[in-house]
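This report concerns only the one structure given below.
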Amino acid sequence: MKTKNKSILLYALIIAMGGLLMGFDASVISGVVKFIEPEFSLSKIELGWAVASLSLTATIAMMFAGPISDKLGRNAVLKYSALLYFFSAILSAVAPSFLILVIARLIAGIGVGLSLILAPMYIAEISPSEKRGKMVSFNQLNIVIGISVAFFTNYLIVHLASSNAEWVQVLKIKEYNWRWMLGIEAFPALLYYIFLFFVPQSPRWLLMKGRYDEALIIMKKLGDDETAEKMIAEFKESILLDAKPKEKSSIKDLFLPSMKLVLSIGIVIAVLQQITGINSVFFYAPMIFEQSGIGTDAAFIQAILVGLINVVFTIVAMALIDKIGRKPLLAIGVTGVALSMFLLSYSFNAATYTLTNDSISKLPKEINVEQISVLQDKTFQSDTEFKQAITQAIGVAAQKKYESELISASITMNAMLILFGILGFVASFAISLGPVMWVLFSELFPNKIRGIAISFVGFINSAISFVVQLVFPWELEKFGSTLTFLLYGIFALIGLVFIMKLLPETKGKSLEELEAILVK
């Protein structure tokens, strides 16, 4: 049995590499935005589009991931996602224009949509019920590791750009910094594609296709003979109890009266995970830290800290999810999300912005001192007022290019509170909404429509993510940091009320048992 457990773990880790690529691909853009905004002369919405375009095609891909995998198999479709990651990384690195860069991001989004849905689905289908939460969480762990790796490689490239080493000059890391950030993903993507050839087909998918003998062989490799035969018997029974066993499942089945509770839970959790601002933090982390006046290098370093906290607390969640359950983790984590966002809102609200004669003298020489001197000794109570005044004084292009330096020179605030707020938010998310959402999705829905159902709620989750990413730079410009983070905190409180009142506990129950309990 020990050897078989190792087999399950190995397959789960390989499949979860899709999560690592997803996390890397999604968050690597956080280091890129600072450089492409002035290079391509982007507006705030265009900047948001560069980040959010990936989520647009991911949203579409999620709607088809389940049905396609129901036809072709889980790991077969994951191989296509690996190739999409590879080609998008290469195209991103050589993109000659903003349009080509966006096209490359759109291609990556398809890979993200496929792997984000199918990796946890596959892992849930090969895992024993008592370990399913932890096993599915491997995918979330790999996502956060991918995020951390992206933050680290972004910082490393920025740091290397200032080096005089000959190999750095030969590779033109300074000139092509953001291109290197995006291009290095090609290497792990290729490895993922190769490793997937060593993973067997999902036994539950084989059962869906009526290939019971093949499914039994794989199940016996993953567990003992008695358990394998019991799982097949339970699966057959759940199919027989279905009112329409011979009919092909469709999206309409999601809206049957019996699915009302399950679907409502899925939709609310899908929306809550994104509307509390997690991808604003992950995909714009250096930008947020720069708003606190710590400078570019320190912002990239603190982004690495965000990634590390994310990994640590995801591991904590994995250790607890099958012990204390899904609902308690969500309740604790969402409470922390709300409190952290309120702390960020308070901290930015307390900030003031004043350019003194001394601070102006230390600004980059490229900034016109005469133009900026009209703002000397004027105190601004909000970041929006200050940025508007800077834009009027030196123009849009200069304001975009030197925003970090200007904020650092003028701001008075407690930057440590911003760091504590961001880290508290990430830790709270990592022990709750991050891993628990996908575990719930893999558990809540009936066998017959699991692929379609997860694709549907995944579509909603990704659609909200797209909107949040798209408007975040615009929100900071128009509403300011104070109101933006306040709204995220309010959304978290609303979600907490729903969780406490309506969410059932799913730990320790087989997928067939959950179907009998939840679908009535």
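Following the order of the structure tokens, first chain is A, next is B, and so on, with residues numbered from 1 inside each chain and ligands from 1 in the order they appear.
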query: So which bits of range 37-207 of chain A end up alpha helix (DSSP H) when you DSSP the backbone, as an MDAnalysis selection string?
result: chainID A and resid 37:39 44:72 74:94 98:126 132:160 166:171 177:183 186:195 203:207
Non-local contacts of range 77-85 of chain A (9 Å; only C-alpha atoms; under 3 positions in same chain excluded) as a compact mmCIF listing (two decimals) with N, CA and C atoms, in the first residue's frame:
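Generated file (selection-v9.txt):
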# COMPACT_ATOMS: atom_id res chain seq x y z
N ILE A 15 0.80 16.14 -12.52
CA ILE A 15 -0.37 16.86 -13.03
C ILE A 15 -0.40 18.29 -12.50
N GLY A 18 0.89 21.75 -13.97
CA GLY A 18 0.04 22.69 -14.71
C GLY A 18 -0.28 23.90 -13.85
N LEU A 21 2.82 26.24 -13.80
CA LEU A 21 2.90 27.04 -15.02
C LEU A 21 1.84 28.13 -15.03
N MET A 22 0.64 27.79 -14.54
CA MET A 22 -0.43 28.77 -14.46
C MET A 22 -0.04 29.92 -13.54
N ASP A 25 2.81 31.98 -15.19
CA ASP A 25 2.35 32.74 -16.35
C ASP A 25 1.48 33.92 -15.94
N ALA A 65 -13.21 23.18 -21.22
CA ALA A 65 -12.22 22.24 -20.67
C ALA A 65 -12.87 20.94 -20.21
N ILE A 68 -14.51 18.89 -23.22
CA ILE A 68 -13.46 18.34 -24.09
C ILE A 68 -12.74 17.19 -23.39
N SER A 69 -12.47 17.38 -22.10
CA SER A 69 -11.77 16.32 -21.35
C SER A 69 -12.67 15.11 -21.16
N LEU A 72 -11.98 13.48 -24.64
CA LEU A 72 -10.62 13.07 -24.99
C LEU A 72 -9.83 12.49 -23.82
N GLY A 73 -10.23 12.81 -22.60
CA GLY A 73 -9.47 12.38 -21.43
C GLY A 73 -8.76 13.55 -20.77
N ARG A 74 -8.58 13.49 -19.45
CA ARG A 74 -8.01 14.62 -18.70
C ARG A 74 -6.57 14.92 -19.13
N SER A 88 3.37 30.27 -26.22
CA SER A 88 3.07 31.64 -25.78
C SER A 88 4.28 32.30 -25.14
N ALA A 89 5.09 31.50 -24.41
CA ALA A 89 6.30 32.05 -23.78
C ALA A 89 7.28 32.55 -24.84
N ILE A 90 7.46 31.76 -25.89
CA ILE A 90 8.37 32.16 -26.97
C ILE A 90 7.85 33.40 -27.68
N ILE A 107 -3.03 33.37 -26.02
CA ILE A 107 -2.70 31.96 -26.24
C ILE A 107 -2.41 31.28 -24.90
N ALA A 108 -1.64 31.96 -24.06
CA ALA A 108 -1.33 31.41 -22.74
C ALA A 108 -2.59 31.19 -21.93
N GLY A 109 -3.55 32.09 -22.09
CA GLY A 109 -4.80 31.99 -21.34
C GLY A 109 -5.56 30.71 -21.61
N ILE A 110 -5.48 30.22 -22.85
CA ILE A 110 -6.14 28.96 -23.17
C ILE A 110 -5.52 27.83 -22.36
N GLY A 111 -4.19 27.82 -22.29
CA GLY A 111 -3.50 26.82 -21.48
C GLY A 111 -3.87 26.93 -20.01
N VAL A 112 -3.97 28.16 -19.52
CA VAL A 112 -4.36 28.39 -18.13
C VAL A 112 -5.75 27.83 -17.86
N GLY A 113 -6.70 28.13 -18.74
CA GLY A 113 -8.07 27.67 -18.55
C GLY A 113 -8.18 26.16 -18.52
N LEU A 114 -7.43 25.50 -19.40
CA LEU A 114 -7.46 24.04 -19.44
C LEU A 114 -6.85 23.43 -18.19
N SER A 115 -5.65 23.88 -17.82
CA SER A 115 -4.95 23.27 -16.69
C SER A 115 -5.61 23.61 -15.36
N LEU A 118 -8.66 21.14 -15.23
CA LEU A 118 -8.44 19.70 -15.35
C LEU A 118 -7.46 19.13 -14.33
N ALA A 119 -6.48 19.91 -13.90
CA ALA A 119 -5.51 19.39 -12.93
C ALA A 119 -6.19 18.98 -11.62
N GLU A 185 9.67 30.87 -19.27
CA GLU A 185 8.65 29.86 -18.97
C GLU A 185 8.66 28.71 -19.97
N ALA A 186 9.27 28.91 -21.11
CA ALA A 186 9.29 27.86 -22.13
C ALA A 186 9.94 26.58 -21.61
N ALA A 189 7.56 24.51 -19.29
CA ALA A 189 6.42 24.07 -20.10
C ALA A 189 6.77 22.84 -20.92
N LEU A 190 7.96 22.81 -21.46
CA LEU A 190 8.41 21.66 -22.24
C LEU A 190 8.57 20.42 -21.35
N LEU A 191 9.09 20.61 -20.14
CA LEU A 191 9.21 19.50 -19.20
C LEU A 191 7.84 18.93 -18.82
N TYR A 192 6.88 19.80 -18.61
CA TYR A 192 5.53 19.37 -18.26
C TYR A 192 4.94 18.48 -19.36
N TYR A 193 5.11 18.90 -20.59
CA TYR A 193 4.61 18.12 -21.73
C TYR A 193 5.21 16.71 -21.74
N ILE A 194 6.50 16.62 -21.50
CA ILE A 194 7.18 15.31 -21.51
C ILE A 194 6.70 14.44 -20.35
N LEU A 196 3.91 14.37 -18.78
CA LEU A 196 2.52 13.92 -18.88
C LEU A 196 2.37 12.58 -19.59
N PHE A 197 3.38 12.18 -20.35
CA PHE A 197 3.33 10.89 -21.03
C PHE A 197 3.50 9.72 -20.04
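Close contacts of Ile103 in chain A, defined as residues with an atom at most 10 Å away when counting only C-alpha atoms, with chain neighbours fewer than 6 positions off set aside, comprise A:Ala50, A:Ser53, A:Leu54, A:Ser88, A:Leu91, A:Ser92, A:Ala95, A:Gly109.
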Could the residues of range 404-511 of chain A that have an atom at most 12 Å from range 201-206 of chain A be listed as a Markdown table, each with its closest atom pair and the distance in Å to one decimal, counting only C-alpha atoms and ordered by chain and ascending residue number?
| residue | atom | partner | partner_atom | distance |
| --- | --- | --- | --- | --- |
| A:Asn447 | CA | A:Arg204 | CA | 8.6 |
| A:Lys448 | CA | A:Trp205 | CA | 10.2 |
| A:Ile449 | CA | A:Trp205 | CA | 11.8 |
| A:Arg450 | CA | A:Trp205 | CA | 10.7 |
| A:Gly451 | CA | A:Trp205 | CA | 10.0 |
| A:Leu511 | CA | A:Arg204 | CA | 11.1 |
Contacts of range 84-160 of chain A with range 268-292 of chain A up to 12 Å, shortest pair per row, only C-alpha atoms, as a Markdown table:
| residue | atom | partner | partner_atom | distance |
| --- | --- | --- | --- | --- |
| A:Ile143 | CA | A:Phe282 | CA | 11.5 |
| A:Val144 | CA | A:Phe282 | CA | 9.8 |
| A:Gly146 | CA | A:Phe282 | CA | 11.3 |
| A:Ile147 | CA | A:Phe282 | CA | 7.6 |
| A:Ser148 | CA | A:Phe282 | CA | 9.6 |
| A:Ala150 | CA | A:Phe282 | CA | 10.2 |
| A:Phe151 | CA | A:Ala285 | CA | 9.0 |
| A:Phe152 | CA | A:Pro286 | CA | 11.9 |
| A:Asn154 | CA | A:Pro286 | CA | 10.2 |
| A:Tyr155 | CA | A:Pro286 | CA | 10.0 |
Keeping only N, CA and C atoms, take the residues you just selected and write them out as a PDB file, in the first residue's frame.
ATOM      1  N   ILE A 143       0.528  26.273  -7.851  1.00  0.00           N
ATOM      2  CA  ILE A 143       0.182  27.607  -8.355  1.00  0.00           C
ATOM      3  C   ILE A 143       0.946  28.670  -7.580  1.00  0.00           C
ATOM      4  N   VAL A 144       0.939  28.565  -6.255  1.00  0.00           N
ATOM      5  CA  VAL A 144       1.599  29.592  -5.452  1.00  0.00           C
ATOM      6  C   VAL A 144       3.120  29.495  -5.559  1.00  0.00           C
ATOM      7  N   GLY A 146       4.557  28.636  -8.339  1.00  0.00           N
ATOM      8  CA  GLY A 146       4.766  29.299  -9.625  1.00  0.00           C
ATOM      9  C   GLY A 146       4.747  30.814  -9.495  1.00  0.00           C
ATOM     10  N   ILE A 147       3.840  31.316  -8.669  1.00  0.00           N
ATOM     11  CA  ILE A 147       3.779  32.761  -8.409  1.00  0.00           C
ATOM     12  C   ILE A 147       5.078  33.233  -7.765  1.00  0.00           C
ATOM     13  N   SER A 148       5.558  32.470  -6.773  1.00  0.00           N
ATOM     14  CA  SER A 148       6.792  32.835  -6.079  1.00  0.00           C
ATOM     15  C   SER A 148       7.996  32.807  -7.019  1.00  0.00           C
ATOM     16  N   ALA A 150       7.953  33.277 -10.192  1.00  0.00           N
ATOM     17  CA  ALA A 150       7.840  34.433 -11.090  1.00  0.00           C
ATOM     18  C   ALA A 150       8.331  35.704 -10.404  1.00  0.00           C
ATOM     19  N   PHE A 151       7.919  35.919  -9.139  1.00  0.00           N
ATOM     20  CA  PHE A 151       8.378  37.102  -8.400  1.00  0.00           C
ATOM     21  C   PHE A 151       9.903  37.093  -8.260  1.00  0.00           C
ATOM     22  N   PHE A 152      10.450  35.899  -7.972  1.00  0.00           N
ATOM     23  CA  PHE A 152      11.897  35.798  -7.785  1.00  0.00           C
ATOM     24  C   PHE A 152      12.649  36.037  -9.086  1.00  0.00           C
ATOM     25  N   ASN A 154      11.647  37.644 -11.688  1.00  0.00           N
ATOM     26  CA  ASN A 154      11.500  39.059 -12.058  1.00  0.00           C
ATOM     27  C   ASN A 154      12.531  39.921 -11.328  1.00  0.00           C
ATOM     28  N   TYR A 155      12.646  39.699 -10.007  1.00  0.00           N
ATOM     29  CA  TYR A 155      13.628  40.461  -9.231  1.00  0.00           C
ATOM     30  C   TYR A 155      15.043  40.163  -9.706  1.00  0.00           C
TER      31      TYR A 155
END
List as a short mmCIF file (atom, residue, chain, number, x, y, z; two decimals) with all heavy atoms, in the first residue's frame the protein and nucleic acid residues near range 358-367 of chain A, meaning an atom at most 10 Å away when only C-alpha atoms are counted, but skip any in the same chain fewer than 3 places from it.
data_model
loop_
_atom_site.label_atom_id
_atom_site.label_comp_id
_atom_site.auth_asym_id
_atom_site.auth_seq_id
_atom_site.Cartn_x
_atom_site.Cartn_y
_atom_site.Cartn_z
N THR A 354 4.03 65.35 -0.17
CA THR A 354 4.61 66.70 -0.22
C THR A 354 6.00 66.64 -0.84
O THR A 354 6.87 65.90 -0.37
CB THR A 354 4.72 67.30 1.20
OG1 THR A 354 3.46 67.24 1.85
CG2 THR A 354 5.19 68.75 1.11
N LEU A 355 6.20 67.43 -1.89
CA LEU A 355 7.53 67.54 -2.50
C LEU A 355 8.24 68.75 -1.91
O LEU A 355 7.77 69.88 -2.04
CB LEU A 355 7.40 67.70 -4.02
CG LEU A 355 7.04 66.44 -4.81
CD1 LEU A 355 6.70 66.81 -6.25
CD2 LEU A 355 8.19 65.43 -4.77
N GLU A 370 12.09 72.64 -13.16
CA GLU A 370 11.29 73.87 -13.22
C GLU A 370 9.80 73.55 -13.27
O GLU A 370 8.98 74.23 -12.64
CB GLU A 370 11.69 74.70 -14.44
CG GLU A 370 13.09 75.29 -14.34
CD GLU A 370 13.41 76.18 -15.54
OE1 GLU A 370 12.50 76.37 -16.39
OE2 GLU A 370 14.54 76.68 -15.62
N GLN A 371 9.46 72.52 -14.03
CA GLN A 371 8.05 72.13 -14.13
C GLN A 371 7.52 71.58 -12.80
O GLN A 371 6.41 71.92 -12.38
CB GLN A 371 7.86 71.08 -15.23
CG GLN A 371 8.06 71.61 -16.64
CD GLN A 371 7.90 70.52 -17.68
OE1 GLN A 371 8.25 69.37 -17.45
NE2 GLN A 371 7.36 70.88 -18.84
N ILE A 372 8.33 70.77 -12.15
CA ILE A 372 7.88 70.12 -10.92
C ILE A 372 7.91 71.06 -9.72
O ILE A 372 7.21 70.86 -8.72
CB ILE A 372 8.73 68.86 -10.64
CG1 ILE A 372 7.93 67.85 -9.77
CG2 ILE A 372 10.03 69.19 -9.93
CD1 ILE A 372 6.87 67.14 -10.53
N SER A 373 8.72 72.13 -9.80
CA SER A 373 8.88 73.04 -8.66
C SER A 373 7.60 73.79 -8.31
O SER A 373 7.47 74.29 -7.19
CB SER A 373 10.00 74.05 -8.94
OG SER A 373 9.69 74.84 -10.07
N LEU A 375 4.97 72.52 -7.60
CA LEU A 375 4.28 71.72 -6.58
C LEU A 375 5.03 71.70 -5.25
O LEU A 375 4.58 71.08 -4.29
CB LEU A 375 4.11 70.28 -7.07
CG LEU A 375 3.32 70.09 -8.39
CD1 LEU A 375 3.29 68.61 -8.76
CD2 LEU A 375 1.92 70.64 -8.26
N GLN A 376 6.15 72.41 -5.20
CA GLN A 376 6.99 72.38 -3.99
C GLN A 376 6.23 72.86 -2.76
O GLN A 376 5.52 73.88 -2.79
CB GLN A 376 8.23 73.25 -4.21
CG GLN A 376 9.20 73.25 -3.02
CD GLN A 376 10.47 74.02 -3.31
OE1 GLN A 376 10.98 73.97 -4.43
NE2 GLN A 376 10.96 74.75 -2.32
N ILE A 394 4.18 67.79 -15.40
CA ILE A 394 5.26 67.27 -16.25
C ILE A 394 4.78 66.44 -17.44
O ILE A 394 5.58 65.98 -18.25
CB ILE A 394 6.25 66.43 -15.43
CG1 ILE A 394 5.55 65.19 -14.83
CG2 ILE A 394 6.88 67.26 -14.32
CD1 ILE A 394 6.50 64.25 -14.08
N ALA A 398 5.98 61.42 -18.74
CA ALA A 398 6.96 61.53 -17.65
C ALA A 398 6.37 61.01 -16.34
O ALA A 398 7.07 60.38 -15.54
CB ALA A 398 7.42 62.97 -17.49
N GLN A 399 5.09 61.28 -16.12
CA GLN A 399 4.44 60.82 -14.89
C GLN A 399 4.43 59.28 -14.83
O GLN A 399 4.71 58.68 -13.78
CB GLN A 399 3.01 61.35 -14.81
CG GLN A 399 2.30 61.10 -13.48
CD GLN A 399 1.58 59.76 -13.44
OE1 GLN A 399 1.17 59.25 -14.48
NE2 GLN A 399 1.44 59.19 -12.26
N LYS A 401 6.52 57.23 -16.37
CA LYS A 401 7.89 56.71 -16.30
C LYS A 401 8.50 56.87 -14.92
O LYS A 401 9.24 56.01 -14.45
CB LYS A 401 8.75 57.40 -17.35
CG LYS A 401 10.14 56.79 -17.50
CD LYS A 401 10.88 57.40 -18.68
CE LYS A 401 12.24 56.73 -18.88
NZ LYS A 401 12.98 57.28 -20.04
N TYR A 402 8.18 57.98 -14.24
CA TYR A 402 8.85 58.28 -12.97
C TYR A 402 7.89 58.29 -11.78
O TYR A 402 8.18 58.89 -10.75
CB TYR A 402 9.56 59.64 -13.07
CG TYR A 402 10.62 59.67 -14.14
CD1 TYR A 402 10.43 60.39 -15.33
CD2 TYR A 402 11.81 58.96 -14.00
CE1 TYR A 402 11.40 60.41 -16.32
CE2 TYR A 402 12.78 58.97 -15.00
CZ TYR A 402 12.56 59.70 -16.15
OH TYR A 402 13.53 59.71 -17.14
N GLU A 405 9.46 57.03 -8.45
CA GLU A 405 10.42 57.98 -7.87
C GLU A 405 9.72 59.18 -7.26
O GLU A 405 10.11 59.67 -6.18
CB GLU A 405 11.42 58.44 -8.94
CG GLU A 405 12.38 57.37 -9.42
CD GLU A 405 11.81 56.46 -10.49
OE1 GLU A 405 10.62 56.61 -10.82
OE2 GLU A 405 12.55 55.61 -11.00
N LEU A 406 8.67 59.67 -7.90
CA LEU A 406 7.94 60.84 -7.41
C LEU A 406 7.18 60.52 -6.13
O LEU A 406 7.15 61.34 -5.20
CB LEU A 406 6.98 61.34 -8.49
CG LEU A 406 7.65 62.01 -9.71
CD1 LEU A 406 6.68 62.12 -10.87
CD2 LEU A 406 8.18 63.40 -9.31
N SER A 408 7.99 58.10 -3.99
CA SER A 408 9.01 57.89 -2.95
C SER A 408 9.51 59.21 -2.38
O SER A 408 9.79 59.33 -1.18
CB SER A 408 10.18 57.09 -3.52
OG SER A 408 9.78 55.81 -3.92
N ALA A 409 9.63 60.22 -3.25
CA ALA A 409 10.16 61.52 -2.84
C ALA A 409 9.16 62.33 -2.03
O ALA A 409 9.56 63.25 -1.30
CB ALA A 409 10.61 62.31 -4.06
N SER A 410 7.88 62.00 -2.12
CA SER A 410 6.86 62.89 -1.53
C SER A 410 6.05 62.28 -0.40
O SER A 410 5.52 63.00 0.44
CB SER A 410 5.89 63.34 -2.62
OG SER A 410 5.20 62.22 -3.16
#
query: Using only C-alpha atoms, which residue out of A:Ile494, A:Met219, A:Ile267, A:Met208 lies closest to Ile454 in chain A?
result: A:Ile267
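One finds CA of Leu344 in chain A at 15.9 Å from CA of Ala303 in chain A.
Considering the residues A:Leu423, A:Ile8, A:Ala317, A:Ala350 and counting only C-alpha atoms, Pro128 in chain A has its shortest atom-to-atom contact with A:Ile8.
From CA of Ser43 in chain A back to CA of Glu475 in chain A, the distance works out to 12.7 Å.
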task: Name the residues of range 318-497 of chain A that fall into strand (DSSP E) according to DSSP on the backbone, using the chain letters and numbers of this document, as a VMD selection string.
output: chain A and resid 352 to 354 379 to 380 411 to 412
The selected residues should be written to file as a tab-separated table (two decimals), in the first residue's frame (atoms: N, CA and C atoms).
chain	number	residue	atom	x	y	z
A	352	THR	N	0.10	61.21	3.21
A	352	THR	CA	0.14	62.55	2.62
A	352	THR	C	1.32	62.62	1.64
A	353	TYR	N	1.24	63.57	0.72
A	353	TYR	CA	2.25	63.68	-0.35
A	353	TYR	C	2.73	65.14	-0.44
A	354	THR	N	4.03	65.35	-0.17
A	354	THR	CA	4.61	66.70	-0.22
A	354	THR	C	6.00	66.64	-0.84
A	379	THR	N	0.94	70.15	0.01
A	379	THR	CA	0.61	68.85	0.59
A	379	THR	C	-0.72	68.33	0.02
A	380	PHE	N	-0.67	67.09	-0.45
A	380	PHE	CA	-1.86	66.45	-1.02
A	380	PHE	C	-2.29	65.31	-0.08
A	411	ILE	N	5.94	60.96	-0.36
A	411	ILE	CA	4.96	60.34	0.53
A	411	ILE	C	5.40	60.31	1.99
A	412	THR	N	4.42	60.49	2.86
A	412	THR	CA	4.61	60.28	4.30
A	412	THR	C	3.55	59.30	4.76
field: Distance query range 132-140 of chain A at most 9 Å, only C-alpha atoms, self and fewer than 6 positions along chain excluded, as a PyMOL selection string
entry: chain A and resi 8-9+12-13+15-20+23+116+119-126+314-315+317-322+325-326+430+434-436+438-440+442+507-508
Write a file of the just-selected residues containing N, CA and C atoms, as a compact mmCIF listing (two decimals), in the first residue's frame.
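The resulting file, result_21.txt, is reproduced below:
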# COMPACT_ATOMS: atom_id res chain seq x y z
N ILE A 8 0.27 7.53 -6.35
CA ILE A 8 -0.74 8.59 -6.38
C ILE A 8 -0.08 9.95 -6.21
N LEU A 9 0.84 10.03 -5.25
CA LEU A 9 1.54 11.29 -4.99
C LEU A 9 2.33 11.73 -6.22
N ALA A 12 -0.02 12.99 -8.92
CA ALA A 12 -0.61 14.27 -8.51
C ALA A 12 0.39 15.40 -8.70
N LEU A 13 1.65 15.16 -8.34
CA LEU A 13 2.68 16.19 -8.47
C LEU A 13 2.95 16.53 -9.93
N ILE A 15 0.80 16.14 -12.52
CA ILE A 15 -0.37 16.86 -13.03
C ILE A 15 -0.40 18.29 -12.50
N ALA A 16 -0.02 18.45 -11.23
CA ALA A 16 -0.05 19.78 -10.60
C ALA A 16 1.00 20.73 -11.16
N MET A 17 1.93 20.23 -11.99
CA MET A 17 2.85 21.14 -12.67
C MET A 17 2.10 22.15 -13.54
N GLY A 18 0.89 21.75 -13.97
CA GLY A 18 0.04 22.69 -14.71
C GLY A 18 -0.28 23.90 -13.85
N GLY A 19 -0.46 23.67 -12.54
CA GLY A 19 -0.69 24.78 -11.62
C GLY A 19 0.52 25.68 -11.51
N LEU A 20 1.72 25.07 -11.48
CA LEU A 20 2.95 25.87 -11.41
C LEU A 20 3.08 26.78 -12.62
N GLY A 23 0.49 29.58 -12.34
CA GLY A 23 0.89 30.61 -11.39
C GLY A 23 1.99 31.48 -11.92
N LEU A 116 -6.17 24.81 -15.25
CA LEU A 116 -6.79 25.22 -13.99
C LEU A 116 -8.00 24.37 -13.66
N ALA A 119 -6.48 19.91 -13.90
CA ALA A 119 -5.51 19.39 -12.93
C ALA A 119 -6.19 18.98 -11.62
N PRO A 120 -6.96 19.87 -10.97
CA PRO A 120 -7.63 19.44 -9.73
C PRO A 120 -8.67 18.36 -9.97
N MET A 121 -9.31 18.38 -11.14
CA MET A 121 -10.31 17.35 -11.45
C MET A 121 -9.66 15.97 -11.51
N TYR A 122 -8.54 15.88 -12.21
CA TYR A 122 -7.83 14.60 -12.32
C TYR A 122 -7.37 14.11 -10.95
N ILE A 123 -6.77 15.01 -10.18
CA ILE A 123 -6.24 14.61 -8.87
C ILE A 123 -7.36 14.12 -7.96
N ALA A 124 -8.51 14.81 -7.99
CA ALA A 124 -9.65 14.39 -7.17
C ALA A 124 -10.12 13.00 -7.57
N GLU A 125 -10.02 12.70 -8.85
CA GLU A 125 -10.55 11.43 -9.36
C GLU A 125 -9.63 10.24 -9.08
N ILE A 126 -8.38 10.48 -8.71
CA ILE A 126 -7.49 9.37 -8.37
C ILE A 126 -7.21 9.28 -6.87
N THR A 314 -0.15 28.18 2.17
CA THR A 314 -0.81 27.13 1.38
C THR A 314 -0.47 25.76 1.94
N ILE A 315 0.79 25.59 2.36
CA ILE A 315 1.20 24.33 2.99
C ILE A 315 0.45 24.12 4.31
N ALA A 317 -2.52 25.23 4.93
CA ALA A 317 -3.88 24.84 4.54
C ALA A 317 -3.95 23.36 4.17
N MET A 318 -2.94 22.89 3.46
CA MET A 318 -2.91 21.47 3.07
C MET A 318 -2.84 20.56 4.28
N ALA A 319 -2.14 21.01 5.32
CA ALA A 319 -2.02 20.21 6.54
C ALA A 319 -3.32 20.18 7.33
N LEU A 320 -4.14 21.23 7.18
CA LEU A 320 -5.34 21.37 8.00
C LEU A 320 -6.64 20.99 7.30
N ILE A 321 -6.64 21.00 5.97
CA ILE A 321 -7.91 20.93 5.24
C ILE A 321 -8.67 19.63 5.49
N ASP A 322 -7.94 18.53 5.67
CA ASP A 322 -8.61 17.26 5.94
C ASP A 322 -8.74 16.97 7.43
N GLY A 325 -11.38 20.70 8.35
CA GLY A 325 -12.45 20.83 7.38
C GLY A 325 -12.37 22.07 6.50
N ARG A 326 -13.22 22.10 5.49
CA ARG A 326 -13.21 23.19 4.51
C ARG A 326 -13.85 24.47 5.07
N ALA A 430 -4.39 32.31 1.30
CA ALA A 430 -3.70 31.05 1.04
C ALA A 430 -4.19 29.90 1.91
N GLY A 434 -7.89 30.20 -1.60
CA GLY A 434 -6.97 29.66 -2.60
C GLY A 434 -7.15 28.17 -2.83
N PRO A 435 -6.79 27.34 -1.86
CA PRO A 435 -6.91 25.89 -2.06
C PRO A 435 -8.32 25.34 -1.86
N VAL A 436 -9.09 25.92 -0.93
CA VAL A 436 -10.38 25.32 -0.57
C VAL A 436 -11.38 25.40 -1.72
N TRP A 438 -11.01 25.12 -4.97
CA TRP A 438 -10.87 24.05 -5.96
C TRP A 438 -11.17 22.68 -5.36
N VAL A 439 -10.89 22.52 -4.09
CA VAL A 439 -11.27 21.27 -3.42
C VAL A 439 -12.79 21.13 -3.41
N LEU A 440 -13.48 22.21 -3.06
CA LEU A 440 -14.95 22.19 -3.06
C LEU A 440 -15.50 21.90 -4.44
N SER A 442 -14.19 20.24 -6.80
CA SER A 442 -13.96 18.84 -7.18
C SER A 442 -14.86 17.88 -6.40
N LYS A 507 -15.62 17.37 4.13
CA LYS A 507 -14.45 16.53 4.39
C LYS A 507 -14.85 15.10 4.78
N GLY A 508 -14.00 14.16 4.37
CA GLY A 508 -14.16 12.77 4.78
C GLY A 508 -15.27 11.99 4.11
Distance query Val467 in chain A at most 9 Å, only C-alpha atoms, self and fewer than 5 positions along chain excluded, as number ranges by chain: A: 52, 55-56, 462, 472
Got time to write the residues from that selection, N, CA and C atoms, as a PDB file, in the first residue's frame?
ATOM      1  N   ALA A  52      -4.851  41.393 -18.018  1.00  0.00           N
ATOM      2  CA  ALA A  52      -6.106  40.636 -17.959  1.00  0.00           C
ATOM      3  C   ALA A  52      -6.393  39.811 -19.199  1.00  0.00           C
ATOM      4  N   SER A  55      -6.633  36.148 -18.751  1.00  0.00           N
ATOM      5  CA  SER A  55      -7.840  35.644 -18.092  1.00  0.00           C
ATOM      6  C   SER A  55      -9.035  35.592 -19.035  1.00  0.00           C
ATOM      7  N   LEU A  56      -9.016  36.418 -20.082  1.00  0.00           N
ATOM      8  CA  LEU A  56     -10.133  36.416 -21.032  1.00  0.00           C
ATOM      9  C   LEU A  56     -10.240  35.070 -21.734  1.00  0.00           C
ATOM     10  N   SER A 462     -13.109  32.925 -13.544  1.00  0.00           N
ATOM     11  CA  SER A 462     -12.145  33.557 -14.436  1.00  0.00           C
ATOM     12  C   SER A 462     -12.674  34.862 -15.011  1.00  0.00           C
ATOM     13  N   PHE A 472      -8.055  47.305 -12.365  1.00  0.00           N
ATOM     14  CA  PHE A 472      -7.268  47.690 -11.191  1.00  0.00           C
ATOM     15  C   PHE A 472      -6.392  48.933 -11.415  1.00  0.00           C
TER      16      PHE A 472
END
